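Reviewing the structure listed below.
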Protein chains: 2
Amino acid sequence: MKSKDQALTIYDVAQRAGVSIASVSRVLNGHTSPRPETRERVLQAVAELGFVPDGAARALSSRLKEVVAVVYRQLWLDDTVEPVFESEAENLAFVDVMNRGIEVAARHKGFDLLMSSVDVHDHLPVARLHSLAGKSDGVLLHDRVLNPSAIVRLAERLPVVTLAATPTRASVNVVGDNATGMRELVRHLIEAHDARTIAFLSGHADSPDSVMRTKAVQETAADYGATALTGPAWQGEYSANSGARVIRNLLDARNPLPDAIACANDQSALGAVYALRARGYRIPDDVLITGFDDMPLARHLNPPLTTVRQPVQQMGALAFDALYSMIDGKRPEQRQLTLPVEVVLRSSCGCEQQAPVRTLT
Amino acid sequence: MKSKDQALTIYDVAQRAGVSIASVSRVLNGHTSPRPETRERVLQAVAELGFVPDGAARALSSRLKEVVAVVYRQLWLDDTVEPVFESEAENLAFVDVMNRGIEVAARHKGFDLLMSSVDVHDHLPVARLHSLAGKSDGVLLHDRVLNPSAIVRLAERLPVVTLAATPTRASVNVVGDNATGMRELVRHLIEAHDARTIAFLSGHADSPDSVMRTKAVQETAADYGATALTGPAWQGEYSANSGARVIRNLLDARNPLPDAIACANDQSALGAVYALRARGYRIPDDVLITGFDDMPLARHLNPPLTTVRQPVQQMGALAFDALYSMIDGKRPEQRQLTLPVEVVLRSSCGCEQQAPVRTLT
DNA sequence: CTGAAAGCGCTTACAG
DNA sequence: CTGAAAGCGCTTACAG
């Protein structure tokens, strides 16, 4: 492989400006030392030549690539997803918004992002992980991309921060305060709406977020002597599809509806709402429904969805900043960074009734 | 900035394996030369050490980074977007699907992607462009990221392929066959549904796709002695919001509806449909509507949207492959790569009536 | 403030 | 098949 012919280097610039390559390097890197006159000549030569310093050479010499790899799961629509849930793509809103936060924070520091997605049904091939690791200063891992032992192995080589996962002895993790958020939500369901039986329609069984939320539902229910429904029958996987499936199975089995169904995220709440309404149930009259995340769709569901707001974009930004300081050689003060969340009451839990939103089509 | 302490290099591996660094390099790069025994020892040392070769050093020495930069526009929801059009995010489906095609093709070649988005309302800062250019072997530019002269300047430094834009003397462009697709669509509207007045609800004025489609509408209408409505009153910008706005302005001004409205993309058709229905108009009874792209939403609109299918993911893959061969030193045979499109007839143009799709909420 | 020179960690002719 | 050595294009002590 040969690249573009005209391979301009710092030597060309130096020659044209009549200075040493050291001086060129200095002005290019914004050092204060070169005096105005020198700076001027260099800048002009750079402009005339259209010189762009080679990133690989800079990285090798400064031991900093200014690149961070981000690995996330991506769902690609196929024929197994019901058309109505095409907005299933919104499921990704969570990851997308987080990535946006990462991107903004990275930009602030002059870093670029090597983005790599893994199909939800696959795992990250080790060859690809090595390729990414070799090309970056640190790695940002979304939930369920790598198992804990693989994370530790990676984190022993270079800084690693995970998102909505679990910290390891070598990596840092950023999460929303699942326990507090879910606890307050369930407490509200019980105290304000008299829910006695509360189901938790979970996310992936191996999702730390889902595990934490499950636990919070169970504990809070227990505190009040209420019943928490969890387990295989309530096992979803964060998608609208899975939310609808759980509800249909429940109804098909002629099981009674609980007083409230706390869903693992807004997306699965959407699916649950859809399936319930299709069978003639009304929300919140027949059953209370809640979500988690407060993605934009929550506000526009019919009825508007009571949920727990996570500062998703900030979580992404915080993750980058944590990674950055690790790259900078600082050792993290804490391995787990927890961001506060906030219960958002709308009508799906029985609070204030609003006019139904207009539908799109 | 100092990075992780344990800086394993190829020397460590060589020492442990008892061979030269050249041999290590050879087995790491899959050369055939090292004999099995040597290969074995190296591989074991690599595994034991958990060695990952430094990408910057490889890139500098082999003159290939195996990284391509992708720059695209991104719309971030803010309060100026009507809540109903929150699915406006789907507007990005076009870019997202293309990026997916790029990613798949890149993976095939062992390349990674440096993804960088620009807010729709901003332009790409030159410093960022240089940062990206310095870190990659080539650049993939989505529409409207850079103006033609900036593209030429960039393309003189390294390989550049644009998407849904216009080729320059230095860059290659990948597009769908706008002219043929739009021409066939308009012909259908006229011949099968007797449309005599056809409006083109356009995309951004500076979008090459929109320009081509406008022209096709005008020419085809002229061929049949039909009237094409275009211009400022029909100026949208590919979003549902803009589609609705155009319709409302039209209706507010008490202008008559044309027989058909060909929209610049599915997204703006969605907005147009919404605004028309909100004012009591029926589709296709009162006016025929068509889209462009055949994004998933088209099939599920009510009524299902007649549109022109573009092979979006393949366009992305083709763009990467073209860029790859340029990076490989080959000079492109053509500067414009056009992919075939296909008219997809559904009921919004008056063809086969189907049962309305279920709505989500 | 400025320059000559070493060195970052690889790959790859060039010899053997 | 294998190794010693040059070189990729920068940054940065080290002198001056």
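Residues in the structure tokens are numbered from 1 in each chain, the chains being A, B, ... in the order shown, and ligands are numbered from 1 in the order shown.
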Who sits within 10 Å of C:DG7, only C-alpha atoms (C1' of nucleotides), same chain under 4 positions skipped, as JSON, numbers by chain: {"A": [60, 61], "D": [11, 12]}
What's around stretch 208-222 of chain A at 7 Å? Count only C-alpha atoms (C1' of nucleotides), leave out sequence neighbours fewer than 4 positions away in its own chain, and write the answer as an MDAnalysis selection string. chainID A and resid 164:166 178:179 182:183 186:187 200 202:204 226:228 264
Please write the residues from the selection above to a file, keeping N, CA and C atoms, as an mmCIF file, in the first residue's frame.
data_model
loop_
_atom_site.group_PDB
_atom_site.id
_atom_site.type_symbol
_atom_site.label_atom_id
_atom_site.label_comp_id
_atom_site.auth_asym_id
_atom_site.auth_seq_id
_atom_site.Cartn_x
_atom_site.Cartn_y
_atom_site.Cartn_z
ATOM 1 N N ALA A 164 -22.437 2.066 32.562
ATOM 2 C CA ALA A 164 -23.574 1.269 33.023
ATOM 3 C C ALA A 164 -23.186 -0.184 33.191
ATOM 4 N N ALA A 165 -21.970 -0.391 33.672
ATOM 5 C CA ALA A 165 -21.509 -1.754 33.897
ATOM 6 C C ALA A 165 -21.110 -1.880 35.364
ATOM 7 N N THR A 166 -20.047 -2.614 35.615
ATOM 8 C CA THR A 166 -19.576 -2.808 36.981
ATOM 9 C C THR A 166 -18.083 -2.509 37.000
ATOM 10 N N ASN A 178 -29.075 3.923 40.236
ATOM 11 C CA ASN A 178 -30.211 3.011 40.045
ATOM 12 C C ASN A 178 -30.987 2.729 41.312
ATOM 13 N N ALA A 179 -30.262 2.442 42.367
ATOM 14 C CA ALA A 179 -30.916 2.044 43.617
ATOM 15 C C ALA A 179 -31.831 3.146 44.133
ATOM 16 N N MET A 182 -34.864 3.860 41.623
ATOM 17 C CA MET A 182 -35.903 2.845 41.610
ATOM 18 C C MET A 182 -36.616 2.777 42.950
ATOM 19 N N ARG A 183 -35.870 2.982 44.012
ATOM 20 C CA ARG A 183 -36.476 2.923 45.336
ATOM 21 C C ARG A 183 -37.526 4.034 45.476
ATOM 22 N N VAL A 186 -40.659 3.249 43.337
ATOM 23 C CA VAL A 186 -41.529 2.220 43.920
ATOM 24 C C VAL A 186 -42.244 2.771 45.156
ATOM 25 N N ARG A 187 -41.510 3.547 45.907
ATOM 26 C CA ARG A 187 -42.123 4.144 47.085
ATOM 27 C C ARG A 187 -43.318 5.006 46.665
ATOM 28 N N PHE A 200 -41.494 -6.154 38.185
ATOM 29 C CA PHE A 200 -40.373 -5.474 37.524
ATOM 30 C C PHE A 200 -40.101 -6.194 36.213
ATOM 31 N N SER A 202 -37.865 -6.729 33.621
ATOM 32 C CA SER A 202 -36.416 -6.487 33.632
ATOM 33 C C SER A 202 -35.775 -6.294 32.268
ATOM 34 N N GLY A 203 -34.496 -5.907 32.327
ATOM 35 C CA GLY A 203 -33.669 -5.841 31.123
ATOM 36 C C GLY A 203 -32.887 -7.148 31.045
ATOM 37 N N HIS A 204 -31.844 -7.168 30.252
ATOM 38 C CA HIS A 204 -31.031 -8.378 30.128
ATOM 39 C C HIS A 204 -30.607 -8.858 31.514
ATOM 40 N N ALA A 226 -45.260 -4.966 50.589
ATOM 41 C CA ALA A 226 -45.902 -5.161 49.285
ATOM 42 C C ALA A 226 -45.230 -6.341 48.581
ATOM 43 N N THR A 227 -45.839 -6.780 47.484
ATOM 44 C CA THR A 227 -45.285 -7.924 46.763
ATOM 45 C C THR A 227 -44.542 -7.487 45.501
ATOM 46 N N ALA A 228 -43.327 -7.984 45.363
ATOM 47 C CA ALA A 228 -42.561 -7.696 44.145
ATOM 48 C C ALA A 228 -42.595 -8.916 43.252
ATOM 49 N N ALA A 264 -37.890 -1.874 33.012
ATOM 50 C CA ALA A 264 -36.449 -1.653 33.140
ATOM 51 C C ALA A 264 -35.989 -0.398 32.420
#
Among stretch 96-310 of chain B, which residues does DSSP mark as helix (DSSP H, G or I) when it is run on the backbone? Keep the chain and numbering as in the structure and answer as a PyMOL selection string. chain B and resi 96-108+126-135+148-155+178-193+208-224+232-234+240-252+266-278+296-300
Keeping only C-alpha atoms, take the residues you just selected and write them out as a tab-separated table (two decimals), in the first residue's frame.
chain	number	residue	atom	x	y	z
B	96	ASP	CA	-26.87	6.14	10.13
B	97	VAL	CA	-27.60	3.43	7.64
B	98	MET	CA	-24.89	4.74	5.37
B	99	ASN	CA	-22.44	4.76	8.24
B	100	ARG	CA	-23.38	1.20	8.92
B	101	GLY	CA	-22.46	0.29	5.38
B	102	ILE	CA	-19.16	2.09	5.77
B	103	GLU	CA	-18.44	0.32	9.01
B	104	VAL	CA	-19.09	-3.12	7.61
B	105	ALA	CA	-16.90	-2.51	4.59
B	106	ALA	CA	-14.14	-1.01	6.73
B	107	ARG	CA	-14.16	-3.99	9.04
B	108	HIS	CA	-13.65	-6.25	6.07
B	126	VAL	CA	-10.54	23.52	9.98
B	127	ALA	CA	-8.56	22.54	13.07
B	128	ARG	CA	-10.75	19.54	13.54
B	129	LEU	CA	-10.49	18.62	9.91
B	130	HIS	CA	-6.71	18.71	10.17
B	131	SER	CA	-6.76	16.65	13.30
B	132	LEU	CA	-8.84	14.03	11.54
B	133	ALA	CA	-6.79	14.16	8.37
B	134	GLY	CA	-3.56	13.69	10.31
B	135	LYS	CA	-4.91	10.64	12.03
B	148	PRO	CA	-16.46	22.11	-2.80
B	149	SER	CA	-13.33	24.23	-2.59
B	150	ALA	CA	-12.52	22.93	0.88
B	151	ILE	CA	-13.08	19.42	-0.42
B	152	VAL	CA	-10.63	19.97	-3.24
B	153	ARG	CA	-8.04	21.36	-0.87
B	154	LEU	CA	-8.42	18.36	1.41
B	155	ALA	CA	-8.46	15.89	-1.45
B	178	ASN	CA	-31.69	10.60	-8.46
B	179	ALA	CA	-32.61	11.56	-11.97
B	180	THR	CA	-33.90	8.18	-13.03
B	181	GLY	CA	-35.68	7.52	-9.78
B	182	MET	CA	-37.46	10.83	-9.67
B	183	ARG	CA	-38.26	10.75	-13.33
B	184	GLU	CA	-39.92	7.37	-13.05
B	185	LEU	CA	-41.82	8.40	-9.99
B	186	VAL	CA	-43.21	11.52	-11.63
B	187	ARG	CA	-44.03	9.60	-14.74
B	188	HIS	CA	-46.03	7.18	-12.62
B	189	LEU	CA	-47.88	10.01	-10.92
B	190	ILE	CA	-48.85	11.40	-14.28
B	191	GLU	CA	-49.58	8.26	-16.22
B	192	ALA	CA	-51.22	6.14	-13.57
B	193	HIS	CA	-52.85	8.79	-11.43
B	208	PRO	CA	-27.03	18.09	-4.72
B	209	ASP	CA	-29.59	15.34	-4.23
B	210	SER	CA	-32.34	17.91	-3.91
B	211	VAL	CA	-31.13	19.83	-6.91
B	212	MET	CA	-31.07	16.73	-9.07
B	213	ARG	CA	-34.50	15.68	-7.94
B	214	THR	CA	-35.95	19.10	-8.57
B	215	LYS	CA	-34.61	19.07	-12.07
B	216	ALA	CA	-36.03	15.61	-12.74
B	217	VAL	CA	-39.47	16.70	-11.57
B	218	GLN	CA	-39.39	19.77	-13.76
B	219	GLU	CA	-38.18	17.97	-16.85
B	220	THR	CA	-40.56	15.08	-16.56
B	221	ALA	CA	-43.52	17.36	-15.95
B	222	ALA	CA	-42.52	19.40	-18.97
B	223	ASP	CA	-42.30	16.25	-21.08
B	224	TYR	CA	-45.92	15.55	-20.32
B	232	PRO	CA	-39.14	29.15	-2.25
B	233	ALA	CA	-42.68	28.24	-1.26
B	234	TRP	CA	-41.75	24.58	-1.59
B	240	ALA	CA	-40.54	16.33	9.03
B	241	ASN	CA	-40.69	19.73	10.64
B	242	SER	CA	-39.92	21.46	7.39
B	243	GLY	CA	-42.39	19.32	5.46
B	244	ALA	CA	-45.17	20.30	7.83
B	245	ARG	CA	-44.13	23.93	7.73
B	246	VAL	CA	-44.30	24.13	3.96
B	247	ILE	CA	-47.78	22.61	3.94
B	248	ARG	CA	-49.08	24.90	6.65
B	249	ASN	CA	-47.78	28.00	4.94
B	250	LEU	CA	-49.37	26.87	1.74
B	251	LEU	CA	-52.71	26.22	3.38
B	252	ASP	CA	-52.57	29.41	5.42
B	266	ASP	CA	-39.46	10.22	3.37
B	267	GLN	CA	-38.95	12.34	6.42
B	268	SER	CA	-40.34	15.51	4.90
B	269	ALA	CA	-43.18	13.45	3.43
B	270	LEU	CA	-43.99	12.36	6.96
B	271	GLY	CA	-44.26	15.99	8.01
B	272	ALA	CA	-46.34	16.89	5.00
B	273	VAL	CA	-48.73	14.01	5.62
B	274	TYR	CA	-49.06	14.99	9.23
B	275	ALA	CA	-49.85	18.62	8.45
B	276	LEU	CA	-52.33	17.71	5.74
B	277	ARG	CA	-54.21	15.28	7.89
B	278	ALA	CA	-54.28	17.75	10.75
B	296	PRO	CA	-38.24	1.88	7.19
B	297	LEU	CA	-40.71	4.55	8.25
B	298	ALA	CA	-42.11	4.78	4.72
B	299	ARG	CA	-43.67	1.36	4.92
B	300	HIS	CA	-45.38	2.11	8.18
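In this structure, atom CA of B:Arg279 sits 12.2 Å away from atom CA of B:Arg254.
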Distance query C:DA5 at most 12 Å, only C-alpha atoms (C1' of nucleotides), self and fewer than 5 positions along chain excluded, as a list in words: Ile21 and Ala22 of chain A; DT11, DT12, DA13, DC14 and DA15 of chain D
Could you dump the residues just selected with N, CA and C atoms (P, O5', C5', C4', C3', O3' and C1' of nucleotides) as a CSV table (one decimal), in the first residue's frame?
chain,number,residue,atom,x,y,z
A,21,ILE,N,13.4,22.1,12.2
A,21,ILE,CA,12.2,21.4,12.4
A,21,ILE,C,11.7,21.6,13.8
A,22,ALA,N,12.6,21.8,14.7
A,22,ALA,CA,12.2,22.0,16.1
A,22,ALA,C,11.4,23.2,16.3
D,11,DT,P,5.3,17.4,16.7
D,11,DT,O5',6.1,16.8,17.9
D,11,DT,C5',5.5,15.8,18.7
D,11,DT,C4',6.4,15.4,19.9
D,11,DT,C3',6.7,16.6,20.8
D,11,DT,O3',6.8,16.1,22.1
D,11,DT,C1',8.7,15.8,19.9
D,12,DT,P,6.6,17.0,23.4
D,12,DT,O5',8.1,16.8,24.0
D,12,DT,C5',8.8,15.6,24.0
D,12,DT,C4',10.2,15.8,24.3
D,12,DT,C3',10.5,17.1,25.2
D,12,DT,O3',11.5,16.7,26.1
D,12,DT,C1',11.8,17.2,23.3
D,13,DA,P,11.3,17.1,27.6
D,13,DA,O5',12.5,18.1,27.9
D,13,DA,C5',13.4,17.7,28.9
D,13,DA,C4',14.5,16.7,28.4
D,13,DA,C3',15.9,17.1,28.8
D,13,DA,O3',16.7,16.0,29.1
D,13,DA,C1',15.6,17.2,26.4
D,14,DC,P,18.0,16.3,29.9
D,14,DC,O5',19.0,17.0,28.8
D,14,DC,C5',19.4,16.2,27.7
D,14,DC,C4',20.4,17.0,26.9
D,14,DC,C3',21.2,18.0,27.7
D,14,DC,O3',22.6,17.9,27.3
D,14,DC,C1',20.2,19.2,25.9
D,15,DA,P,23.7,18.5,28.3
D,15,DA,O5',24.5,19.5,27.3
D,15,DA,C5',23.9,20.6,26.8
D,15,DA,C4',24.5,20.9,25.5
D,15,DA,C3',25.4,22.2,25.6
D,15,DA,O3',26.4,22.2,24.6
D,15,DA,C1',23.3,22.8,24.5
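Excluding stretch 10-14 of chain B itself and any same-chain residue fewer than 6 positions from it, the protein and nucleic acid residues within 7 Å of it, counting only C-alpha atoms (C1' of nucleotides), are Ser20, Ile21, Val24, Ala45 and Val46 of chain B.
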Next, dump the selected residues to file, keeping only C-alpha atoms, as a compact mmCIF listing (two decimals), in the first residue's frame.
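Once written, again33.txt looks like this:
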# COMPACT_ATOMS: atom_id res chain seq x y z
CA SER B 20 14.84 -10.88 16.66
CA ILE B 21 12.23 -8.19 16.55
CA VAL B 24 8.25 -11.07 15.83
CA ALA B 45 5.47 -14.96 24.05
CA VAL B 46 2.85 -12.61 22.68
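The residues of chain B lying at most 10 Å from chain D, with only C-alpha atoms (C1' of nucleotides) taken into account, are Val19, Ser20, Ile21, Ala22, Ser23, Thr32, Ser33, Pro34, Arg35, Thr38, Ala57, Arg58, Ala59, Leu60, Ser61, Ser62 and Arg63 of chain B.
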Would you give me, as a ChimeraX atom specification, the residues in stretch 107-353 of chain A that DSSP reads as strand (DSSP E or B)? /A:112-119,138-141,160-163,172-176,197-202,227-229,235,260-263,288-290,293,306-309,336-339,342-344
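Here atom CA of A:Pro304 is placed at a distance of 12.7 Å from atom CA of A:Phe292.
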Quick one: residues within 10 Å of B:Leu345, only C-alpha atoms (C1' of nucleotides) counted, chain neighbours fewer than 4 positions away excluded, as a ChimeraX atom specification? /B:185,188,290,304-308,349-352
Would you mind exporting the chosen residues as a PDB file, in the first residue's frame, restricted to N, CA and C atoms?
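Saved result, again-v7.pdb, follows:
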ATOM      1  N   LEU B 185     -40.774   8.152 -10.972  1.00  0.00           N
ATOM      2  CA  LEU B 185     -41.817   8.404  -9.987  1.00  0.00           C
ATOM      3  C   LEU B 185     -42.832   9.408 -10.534  1.00  0.00           C
ATOM      4  N   HIS B 188     -44.963   8.000 -13.196  1.00  0.00           N
ATOM      5  CA  HIS B 188     -46.031   7.176 -12.623  1.00  0.00           C
ATOM      6  C   HIS B 188     -47.194   8.042 -12.128  1.00  0.00           C
ATOM      7  N   THR B 290     -45.565  11.545  -2.189  1.00  0.00           N
ATOM      8  CA  THR B 290     -44.491  10.556  -2.333  1.00  0.00           C
ATOM      9  C   THR B 290     -43.258  11.011  -1.565  1.00  0.00           C
ATOM     10  N   PRO B 304     -49.313   4.009   3.753  1.00  0.00           N
ATOM     11  CA  PRO B 304     -47.955   3.608   3.379  1.00  0.00           C
ATOM     12  C   PRO B 304     -47.453   4.471   2.230  1.00  0.00           C
ATOM     13  N   LEU B 305     -46.215   4.861   2.336  1.00  0.00           N
ATOM     14  CA  LEU B 305     -45.665   5.872   1.436  1.00  0.00           C
ATOM     15  C   LEU B 305     -45.044   5.324   0.163  1.00  0.00           C
ATOM     16  N   THR B 306     -45.506   5.827  -0.944  1.00  0.00           N
ATOM     17  CA  THR B 306     -44.854   5.532  -2.224  1.00  0.00           C
ATOM     18  C   THR B 306     -43.558   6.333  -2.239  1.00  0.00           C
ATOM     19  N   THR B 307     -42.492   5.689  -2.634  1.00  0.00           N
ATOM     20  CA  THR B 307     -41.199   6.363  -2.523  1.00  0.00           C
ATOM     21  C   THR B 307     -40.197   5.770  -3.509  1.00  0.00           C
ATOM     22  N   VAL B 308     -38.967   6.222  -3.442  1.00  0.00           N
ATOM     23  CA  VAL B 308     -37.912   5.688  -4.304  1.00  0.00           C
ATOM     24  C   VAL B 308     -36.856   5.071  -3.400  1.00  0.00           C
ATOM     25  N   CYS B 349     -49.714   7.252  -3.173  1.00  0.00           N
ATOM     26  CA  CYS B 349     -49.798   7.847  -4.508  1.00  0.00           C
ATOM     27  C   CYS B 349     -51.107   7.447  -5.174  1.00  0.00           C
ATOM     28  N   GLY B 350     -51.923   6.683  -4.426  1.00  0.00           N
ATOM     29  CA  GLY B 350     -53.193   6.278  -5.002  1.00  0.00           C
ATOM     30  C   GLY B 350     -53.198   4.842  -5.478  1.00  0.00           C
ATOM     31  N   CYS B 351     -52.072   4.163  -5.348  1.00  0.00           N
ATOM     32  CA  CYS B 351     -52.032   2.743  -5.724  1.00  0.00           C
ATOM     33  C   CYS B 351     -52.717   1.917  -4.644  1.00  0.00           C
ATOM     34  N   GLU B 352     -52.643   0.623  -4.815  1.00  0.00           N
ATOM     35  CA  GLU B 352     -53.265  -0.340  -3.900  1.00  0.00           C
ATOM     36  C   GLU B 352     -53.521   0.210  -2.497  1.00  0.00           C
TER      37      GLU B 352
END
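With only C-alpha atoms as the atoms that count, the residue of B:Arg282, B:Arg196, B:Arg309, B:His31 with the shortest distance to chain A is B:Arg282.
You can rank B:Ser348, B:Ser207, B:Ser171, B:Ser136 by their closest distance to chain A using only C-alpha atoms, and at the top of that list sits B:Ser136.
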